[in-house]
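Each remark here refers to the structure printed beneath this line.
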Amino acid sequence: LSESLVTATPYILVGLAVALGFRAGLFNIGAEGQYVVGGLVSVFVGYSLKGLPAIVHLPLMLLAGVVGGGLWGAIPGLLRATAGAHEVINTIMMNYIAFSLSDWLLNGPMKREGFRPISPEIQPSAVLPSLFPNPIRFHAGFFLALACAALVYWLLFRTTVGFSLRTMGANPHAARYAGINLVGSMVLAMFMSGGLAGLAAATDISGLLHYMPNAFSAGYGFDSIALALLGRSHPVGVVLSALLFGFLRAGATRMQSAAQVPVDIISIMQAMVIVFIAAPEIIRRIYGLRAGRAPAAQDATP
């Protein structure tokens, strides 16, 4: 159970990142790159700042991950808002820039002494507290992820900023007519989306690894697209979807070692979940059905 919750923690945060973009009408494919950049910035703050108390150092490290991922996400948002460049293409390209930047830094300026391409270990003052002794790896980052889900829910459905983002996602022309600043809203949405992905990396480093290795991400940025679809881009749905994916991924390794069942079965199960989620829309398009049409309305039609 604890390992599943640990695995679900970054899924919650990165799933929220993609879901927030969906709500604003933006398809953020770059959560993987934002995760990597957030990890680079946060681990640098984690190991380079020394002598700070934990009450200062730990929030600084987490905030660095948010800012790093947020700025990396804001670039495609700015390009979309000002030049009309599609965020899907830009975020995909920036993923590869982030991967190359990580390779260069971890093999050069940020490399720890030795032959392995990894960063120095963060200071003890930047480590998230563990809730149980070793070997249980459950840490406070899980509750931080739940708090972020509650914050995203409040932002989207209880604030004027969230209303502006949802209006822009539903109909950008109507949003412009209503006086909503589309440029600022797009940049803000992509910044917050990237910031959540960067925070996921910071919690992974602070709570589990305590350093950043090369090939840092485990595919969270791409799995999060499925999470957002499965959760209907709603924070509560994303949390439940992340818990499902966390249990599947955590159980995959144990399943392979104990029952000799290939871990690829989990990928197939995740793909089938997405297929069934998309099936209603596919059927409606094939047969020309309208969503949510009631039988009583059909009977009343002359």
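Here's how to read the names in the structure tokens: chain A, B, ... by the order shown, residue numbers from 1 in each chain, ligand numbers from 1 in the order shown.
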Report the residues of region 56-263 of chain A whose backbone DSSP state falls under strand (DSSP E or B), written as a VMD selection string.
-> chain A and resid 118 130 139 213
Preceding selection exported with C-alpha atoms as a PDB file, in the first residue's frame:
ATOM      1  CA  ILE A 118      24.098  11.963 -11.406  1.00  0.00           C
ATOM      2  CA  SER A 130       9.404  10.214   5.937  1.00  0.00           C
ATOM      3  CA  HIS A 139       6.755  10.413   2.684  1.00  0.00           C
ATOM      4  CA  PRO A 213      19.994  10.794 -12.101  1.00  0.00           C
TER       5      PRO A 213
END
For Ala74 (chain A), list every protein, DNA or RNA residue within 7 Å, evaluated using only C-alpha atoms, and leave out those in the same chain fewer than 4 positions away; present the list as number ranges by chain.
-> A: 70, 78, 187, 190-191
Written file, previous selection with N, CA, C and O atoms, as a PDB file, in the first residue's frame:
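Ended up saving to part_2.pdb:
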ATOM      1  N   GLY A  70       7.388  25.752 -14.305  1.00  0.00           N
ATOM      2  CA  GLY A  70       6.431  26.745 -14.756  1.00  0.00           C
ATOM      3  C   GLY A  70       6.971  27.623 -15.880  1.00  0.00           C
ATOM      4  O   GLY A  70       6.279  27.882 -16.864  1.00  0.00           O
ATOM      5  N   LEU A  78       3.279  31.304 -24.205  1.00  0.00           N
ATOM      6  CA  LEU A  78       3.503  32.635 -24.782  1.00  0.00           C
ATOM      7  C   LEU A  78       3.548  32.575 -26.302  1.00  0.00           C
ATOM      8  O   LEU A  78       2.998  33.445 -26.989  1.00  0.00           O
ATOM      9  N   VAL A 187      -0.711  32.100 -20.967  1.00  0.00           N
ATOM     10  CA  VAL A 187       0.598  32.014 -20.322  1.00  0.00           C
ATOM     11  C   VAL A 187       0.454  31.545 -18.883  1.00  0.00           C
ATOM     12  O   VAL A 187       1.220  30.692 -18.407  1.00  0.00           O
ATOM     13  N   MET A 190      -0.364  27.737 -18.758  1.00  0.00           N
ATOM     14  CA  MET A 190       0.790  26.888 -19.043  1.00  0.00           C
ATOM     15  C   MET A 190       1.838  26.995 -17.942  1.00  0.00           C
ATOM     16  O   MET A 190       2.549  26.019 -17.660  1.00  0.00           O
ATOM     17  N   PHE A 191       1.953  28.164 -17.316  1.00  0.00           N
ATOM     18  CA  PHE A 191       2.885  28.295 -16.193  1.00  0.00           C
ATOM     19  C   PHE A 191       2.444  27.416 -15.032  1.00  0.00           C
ATOM     20  O   PHE A 191       3.260  26.702 -14.427  1.00  0.00           O
TER      21      PHE A 191
END
Spatial neighbours of region 169-183 of chain A, max dist 12 Å, only C-alpha atoms, sep filter under 5 positions, as JSON, numbers by chain | {"A": [19, 20, 21, 22, 23, 24, 25, 26, 27, 74, 75, 76, 77, 78, 79, 80, 81, 82, 83, 84, 156, 160, 161, 162, 163, 164, 188, 189, 190, 233]}
Work out how far CA of Gly237 (chain A) is from CA of Val18 (chain A), in Å to one decimal.
->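 Between CA of Val18 (chain A) and CA of Gly237 (chain A) the gap works out to 12.6 Å.
Comparing the minimum interatomic distances between Gly219 (chain A) and each of A:Val36, A:Ile55, A:Met186, A:Val6, counting only C-alpha atoms, we find that A:Val36 sits nearest.
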Distance criterion (only C-alpha atoms): nearest to Ser206 (chain A) out of A:Arg116, A:His57, A:Arg232, A:Arg284 = A:His57
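Closest to Ser48 (chain A) among A:Thr203, A:Thr159, A:Ser267, A:Ser125 is A:Ser125, based on only C-alpha atoms.
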Can you pull out every residue within 9 Å of Phe245 (chain A), counting only C-alpha atoms, but drop anything in the same chain fewer than 5 positions away, and send it as a PyMOL selection string?
-> chain A and resi 4+7-8+11+223+227+240+250+270
Write a file of the selected residues as a PDB file, in the first residue's frame, keeping N, CA, C and O atoms.
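Below is the file out_35.pdb, written as the result:
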ATOM      1  N   SER A   4       2.467   1.883  -3.332  1.00  0.00           N
ATOM      2  CA  SER A   4       1.492   2.352  -4.318  1.00  0.00           C
ATOM      3  C   SER A   4       1.193   3.833  -4.140  1.00  0.00           C
ATOM      4  O   SER A   4       1.080   4.585  -5.114  1.00  0.00           O
ATOM      5  N   THR A   7       4.111   5.814  -5.437  1.00  0.00           N
ATOM      6  CA  THR A   7       4.081   5.863  -6.894  1.00  0.00           C
ATOM      7  C   THR A   7       2.991   6.799  -7.397  1.00  0.00           C
ATOM      8  O   THR A   7       3.150   7.460  -8.433  1.00  0.00           O
ATOM      9  N   ALA A   8       1.879   6.869  -6.676  1.00  0.00           N
ATOM     10  CA  ALA A   8       0.774   7.723  -7.103  1.00  0.00           C
ATOM     11  C   ALA A   8       1.057   9.205  -6.902  1.00  0.00           C
ATOM     12  O   ALA A   8       0.417  10.042  -7.553  1.00  0.00           O
ATOM     13  N   TYR A  11       2.148  10.989  -9.992  1.00  0.00           N
ATOM     14  CA  TYR A  11       1.035  10.868 -10.931  1.00  0.00           C
ATOM     15  C   TYR A  11      -0.043  11.909 -10.639  1.00  0.00           C
ATOM     16  O   TYR A  11      -0.627  12.487 -11.560  1.00  0.00           O
ATOM     17  N   ASP A 223       2.124   9.408 -19.282  1.00  0.00           N
ATOM     18  CA  ASP A 223       1.022   8.715 -18.607  1.00  0.00           C
ATOM     19  C   ASP A 223      -0.020   9.692 -18.094  1.00  0.00           C
ATOM     20  O   ASP A 223      -1.202   9.338 -17.957  1.00  0.00           O
ATOM     21  N   LEU A 227      -4.173   9.886 -17.532  1.00  0.00           N
ATOM     22  CA  LEU A 227      -4.771  10.200 -16.238  1.00  0.00           C
ATOM     23  C   LEU A 227      -5.813  11.309 -16.368  1.00  0.00           C
ATOM     24  O   LEU A 227      -6.908  11.217 -15.798  1.00  0.00           O
ATOM     25  N   LEU A 240      -8.172  10.054  -8.187  1.00  0.00           N
ATOM     26  CA  LEU A 240      -8.593   8.651  -8.224  1.00  0.00           C
ATOM     27  C   LEU A 240      -7.876   7.888  -9.340  1.00  0.00           C
ATOM     28  O   LEU A 240      -7.456   6.736  -9.155  1.00  0.00           O
ATOM     29  N   ALA A 250       2.973   0.015  -9.155  1.00  0.00           N
ATOM     30  CA  ALA A 250       3.669  -0.545  -7.997  1.00  0.00           C
ATOM     31  C   ALA A 250       3.523  -2.062  -7.953  1.00  0.00           C
ATOM     32  O   ALA A 250       4.445  -2.782  -7.546  1.00  0.00           O
ATOM     33  N   GLN A 270      -3.657  -0.352 -19.074  1.00  0.00           N
ATOM     34  CA  GLN A 270      -3.804   1.100 -19.152  1.00  0.00           C
ATOM     35  C   GLN A 270      -4.333   1.521 -20.515  1.00  0.00           C
ATOM     36  O   GLN A 270      -5.195   2.411 -20.618  1.00  0.00           O
TER      37      GLN A 270
END
Of the residues A:Leu151, A:Tyr220, A:Ser257, A:Tyr47, which is the one nearest to Ala242 (chain A), using only C-alpha atoms?
->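 Closest to Ala242 (chain A) of all the choices is A:Tyr220.
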So which residues of region 189-267 of chain A fall under alpha helix (DSSP H) by DSSP, listed as a PyMOL selection string?
-> chain A and resi 189-204+220-230+235-259+264-267
Looking at A:Leu40, A:Ile274, A:Ala215, A:Val152, which one is nearest to Pro235 (chain A), with distances taken over only C-alpha atoms?
-> A:Val152
Using only C-alpha atoms, which residues sit within 12 Å of Phe143 (chain A) once same-chain residues fewer than 4 positions away are excluded, as an MDAnalysis selection string?
-> chainID A and resid 5:6 8:10 12:13 128:131 138:139 147:150 203 207 239
Residue subset to file, keeping C-alpha atoms, as an mmCIF file, in the first residue's frame:
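Written file, result.cif:
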data_model
loop_
_atom_site.group_PDB
_atom_site.id
_atom_site.type_symbol
_atom_site.label_atom_id
_atom_site.label_comp_id
_atom_site.auth_asym_id
_atom_site.auth_seq_id
_atom_site.Cartn_x
_atom_site.Cartn_y
_atom_site.Cartn_z
ATOM 1 C CA LEU A 5 0.831 5.691 -2.625
ATOM 2 C CA VAL A 6 4.446 6.747 -3.214
ATOM 3 C CA ALA A 8 0.774 7.723 -7.103
ATOM 4 C CA THR A 9 2.247 10.970 -5.704
ATOM 5 C CA PRO A 10 3.949 12.216 -8.902
ATOM 6 C CA ILE A 12 -1.347 13.133 -9.001
ATOM 7 C CA LEU A 13 0.746 16.242 -9.579
ATOM 8 C CA LEU A 128 10.848 15.699 2.834
ATOM 9 C CA PRO A 129 10.086 13.935 6.112
ATOM 10 C CA SER A 130 9.404 10.214 5.937
ATOM 11 C CA LEU A 131 6.418 8.989 7.907
ATOM 12 C CA PHE A 138 6.120 6.683 2.212
ATOM 13 C CA HIS A 139 6.755 10.413 2.684
ATOM 14 C CA ALA A 147 -3.300 19.608 -1.019
ATOM 15 C CA CYS A 148 -2.384 20.675 -4.564
ATOM 16 C CA ALA A 149 -5.427 18.817 -5.899
ATOM 17 C CA ALA A 150 -7.637 20.708 -3.455
ATOM 18 C CA THR A 203 8.872 15.883 -4.427
ATOM 19 C CA GLY A 207 11.195 12.527 -0.785
ATOM 20 C CA VAL A 239 -6.553 11.845 -7.859
#
Would you kindly return, as a PDB file with all heavy atoms, in the first residue's frame, each protein, DNA or RNA residue with an atom no farther than 9 Å from any atom of region 95-103 of chain A, considering only C-alpha atoms and excluding same-chain residues fewer than 6 positions away?
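Contents of around_3.pdb, as written:
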ATOM      1  N   ILE A  29       1.570  18.646 -23.942  1.00  0.00           N
ATOM      2  CA  ILE A  29       2.296  17.389 -24.144  1.00  0.00           C
ATOM      3  C   ILE A  29       3.680  17.478 -23.501  1.00  0.00           C
ATOM      4  O   ILE A  29       4.430  16.503 -23.504  1.00  0.00           O
ATOM      5  CB  ILE A  29       2.436  17.090 -25.661  1.00  0.00           C
ATOM      6  CG1 ILE A  29       1.073  17.124 -26.322  1.00  0.00           C
ATOM      7  CG2 ILE A  29       3.037  15.718 -25.916  1.00  0.00           C
ATOM      8  CD1 ILE A  29       0.148  16.037 -25.864  1.00  0.00           C
ATOM      9  N   GLY A  30       4.034  18.641 -22.969  1.00  0.00           N
ATOM     10  CA  GLY A  30       5.384  18.867 -22.482  1.00  0.00           C
ATOM     11  C   GLY A  30       5.577  18.643 -21.001  1.00  0.00           C
ATOM     12  O   GLY A  30       6.583  19.087 -20.444  1.00  0.00           O
ATOM     13  N   ALA A  31       4.645  17.947 -20.332  1.00  0.00           N
ATOM     14  CA  ALA A  31       4.811  17.725 -18.903  1.00  0.00           C
ATOM     15  C   ALA A  31       6.075  16.936 -18.589  1.00  0.00           C
ATOM     16  O   ALA A  31       6.684  17.121 -17.538  1.00  0.00           O
ATOM     17  CB  ALA A  31       3.591  17.005 -18.335  1.00  0.00           C
ATOM     18  N   GLU A  32       6.486  16.079 -19.516  1.00  0.00           N
ATOM     19  CA  GLU A  32       7.706  15.307 -19.303  1.00  0.00           C
ATOM     20  C   GLU A  32       8.927  16.218 -19.234  1.00  0.00           C
ATOM     21  O   GLU A  32       9.775  16.088 -18.345  1.00  0.00           O
ATOM     22  CB  GLU A  32       7.881  14.294 -20.436  1.00  0.00           C
ATOM     23  CG  GLU A  32       8.932  13.246 -20.191  1.00  0.00           C
ATOM     24  CD  GLU A  32       8.434  12.105 -19.336  1.00  0.00           C
ATOM     25  OE1 GLU A  32       7.244  12.097 -18.972  1.00  0.00           O
ATOM     26  OE2 GLU A  32       9.235  11.209 -19.014  1.00  0.00           O
ATOM     27  N   GLY A  33       9.029  17.150 -20.168  1.00  0.00           N
ATOM     28  CA  GLY A  33      10.146  18.090 -20.145  1.00  0.00           C
ATOM     29  C   GLY A  33      10.074  19.042 -18.976  1.00  0.00           C
ATOM     30  O   GLY A  33      11.101  19.395 -18.378  1.00  0.00           O
ATOM     31  N   GLN A  34       8.880  19.489 -18.623  1.00  0.00           N
ATOM     32  CA  GLN A  34       8.719  20.375 -17.474  1.00  0.00           C
ATOM     33  C   GLN A  34       9.094  19.656 -16.183  1.00  0.00           C
ATOM     34  O   GLN A  34       9.652  20.261 -15.265  1.00  0.00           O
ATOM     35  CB  GLN A  34       7.272  20.874 -17.435  1.00  0.00           C
ATOM     36  CG  GLN A  34       6.909  21.761 -18.615  1.00  0.00           C
ATOM     37  CD  GLN A  34       5.465  21.650 -19.044  1.00  0.00           C
ATOM     38  OE1 GLN A  34       4.611  21.151 -18.293  1.00  0.00           O
ATOM     39  NE2 GLN A  34       5.157  22.097 -20.253  1.00  0.00           N
ATOM     40  N   VAL A  36      11.395  17.319 -15.985  1.00  0.00           N
ATOM     41  CA  VAL A  36      12.861  17.232 -15.979  1.00  0.00           C
ATOM     42  C   VAL A  36      13.480  18.567 -15.583  1.00  0.00           C
ATOM     43  O   VAL A  36      14.397  18.623 -14.743  1.00  0.00           O
ATOM     44  CB  VAL A  36      13.368  16.772 -17.359  1.00  0.00           C
ATOM     45  CG1 VAL A  36      14.884  16.907 -17.455  1.00  0.00           C
ATOM     46  CG2 VAL A  36      12.958  15.327 -17.619  1.00  0.00           C
ATOM     47  N   VAL A  37      13.004  19.666 -16.157  1.00  0.00           N
ATOM     48  CA  VAL A  37      13.567  20.981 -15.841  1.00  0.00           C
ATOM     49  C   VAL A  37      13.282  21.342 -14.386  1.00  0.00           C
ATOM     50  O   VAL A  37      14.150  21.881 -13.682  1.00  0.00           O
ATOM     51  CB  VAL A  37      13.011  22.048 -16.800  1.00  0.00           C
ATOM     52  CG1 VAL A  37      13.439  23.445 -16.368  1.00  0.00           C
ATOM     53  CG2 VAL A  37      13.481  21.776 -18.222  1.00  0.00           C
ATOM     54  N   LEU A  40      15.831  19.569 -12.350  1.00  0.00           N
ATOM     55  CA  LEU A  40      17.163  20.174 -12.429  1.00  0.00           C
ATOM     56  C   LEU A  40      17.272  21.390 -11.518  1.00  0.00           C
ATOM     57  O   LEU A  40      18.246  21.538 -10.773  1.00  0.00           O
ATOM     58  CB  LEU A  40      17.468  20.571 -13.872  1.00  0.00           C
ATOM     59  CG  LEU A  40      17.749  19.443 -14.870  1.00  0.00           C
ATOM     60  CD1 LEU A  40      17.806  19.996 -16.290  1.00  0.00           C
ATOM     61  CD2 LEU A  40      19.057  18.727 -14.530  1.00  0.00           C
ATOM     62  N   TRP A  72       9.344  26.821 -17.932  1.00  0.00           N
ATOM     63  CA  TRP A  72       9.505  25.971 -19.119  1.00  0.00           C
ATOM     64  C   TRP A  72       8.161  25.765 -19.815  1.00  0.00           C
ATOM     65  O   TRP A  72       8.097  25.669 -21.041  1.00  0.00           O
ATOM     66  CB  TRP A  72      10.117  24.634 -18.718  1.00  0.00           C
ATOM     67  CG  TRP A  72      10.753  23.895 -19.848  1.00  0.00           C
ATOM     68  CD1 TRP A  72      10.271  22.801 -20.511  1.00  0.00           C
ATOM     69  CD2 TRP A  72      12.018  24.175 -20.453  1.00  0.00           C
ATOM     70  NE1 TRP A  72      11.146  22.400 -21.484  1.00  0.00           N
ATOM     71  CE2 TRP A  72      12.228  23.228 -21.477  1.00  0.00           C
ATOM     72  CE3 TRP A  72      12.990  25.158 -20.229  1.00  0.00           C
ATOM     73  CZ2 TRP A  72      13.373  23.224 -22.264  1.00  0.00           C
ATOM     74  CZ3 TRP A  72      14.130  25.147 -21.016  1.00  0.00           C
ATOM     75  CH2 TRP A  72      14.307  24.185 -22.020  1.00  0.00           C
ATOM     76  N   PRO A 117      26.512   9.574 -14.239  1.00  0.00           N
ATOM     77  CA  PRO A 117      25.951  10.903 -14.553  1.00  0.00           C
ATOM     78  C   PRO A 117      24.795  11.252 -13.625  1.00  0.00           C
ATOM     79  O   PRO A 117      23.619  11.222 -14.006  1.00  0.00           O
ATOM     80  CB  PRO A 117      25.494  10.750 -16.000  1.00  0.00           C
ATOM     81  CG  PRO A 117      25.146   9.305 -16.125  1.00  0.00           C
ATOM     82  CD  PRO A 117      26.083   8.557 -15.216  1.00  0.00           C
ATOM     83  N   ASN A 214      20.533  10.716 -14.435  1.00  0.00           N
ATOM     84  CA  ASN A 214      20.240  10.885 -15.850  1.00  0.00           C
ATOM     85  C   ASN A 214      19.048  10.000 -16.207  1.00  0.00           C
ATOM     86  O   ASN A 214      18.802   8.996 -15.563  1.00  0.00           O
ATOM     87  CB  ASN A 214      21.459  10.490 -16.686  1.00  0.00           C
ATOM     88  CG  ASN A 214      21.425  11.114 -18.058  1.00  0.00           C
ATOM     89  OD1 ASN A 214      20.513  11.877 -18.373  1.00  0.00           O
ATOM     90  ND2 ASN A 214      22.400  10.814 -18.881  1.00  0.00           N
ATOM     91  N   ALA A 215      18.306  10.366 -17.263  1.00  0.00           N
ATOM     92  CA  ALA A 215      17.060   9.655 -17.587  1.00  0.00           C
ATOM     93  C   ALA A 215      16.165   9.635 -16.353  1.00  0.00           C
ATOM     94  O   ALA A 215      15.710   8.592 -15.896  1.00  0.00           O
ATOM     95  CB  ALA A 215      17.337   8.249 -18.094  1.00  0.00           C
ATOM     96  N   PHE A 216      15.906  10.824 -15.820  1.00  0.00           N
ATOM     97  CA  PHE A 216      15.249  10.976 -14.523  1.00  0.00           C
ATOM     98  C   PHE A 216      13.804  10.526 -14.552  1.00  0.00           C
ATOM     99  O   PHE A 216      13.343   9.800 -13.674  1.00  0.00           O
ATOM    100  CB  PHE A 216      15.361  12.445 -14.101  1.00  0.00           C
ATOM    101  CG  PHE A 216      14.551  12.832 -12.911  1.00  0.00           C
ATOM    102  CD1 PHE A 216      14.612  12.114 -11.732  1.00  0.00           C
ATOM    103  CD2 PHE A 216      13.709  13.943 -12.952  1.00  0.00           C
ATOM    104  CE1 PHE A 216      13.872  12.474 -10.617  1.00  0.00           C
ATOM    105  CE2 PHE A 216      12.978  14.324 -11.854  1.00  0.00           C
ATOM    106  CZ  PHE A 216      13.063  13.587 -10.689  1.00  0.00           C
TER     107      PHE A 216
END
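Distances from A:Ala259, A:Met168, A:Val43, A:Ala252 to Lys111 (chain A) were compared using only C-alpha atoms, and the smallest one belongs to A:Val43.
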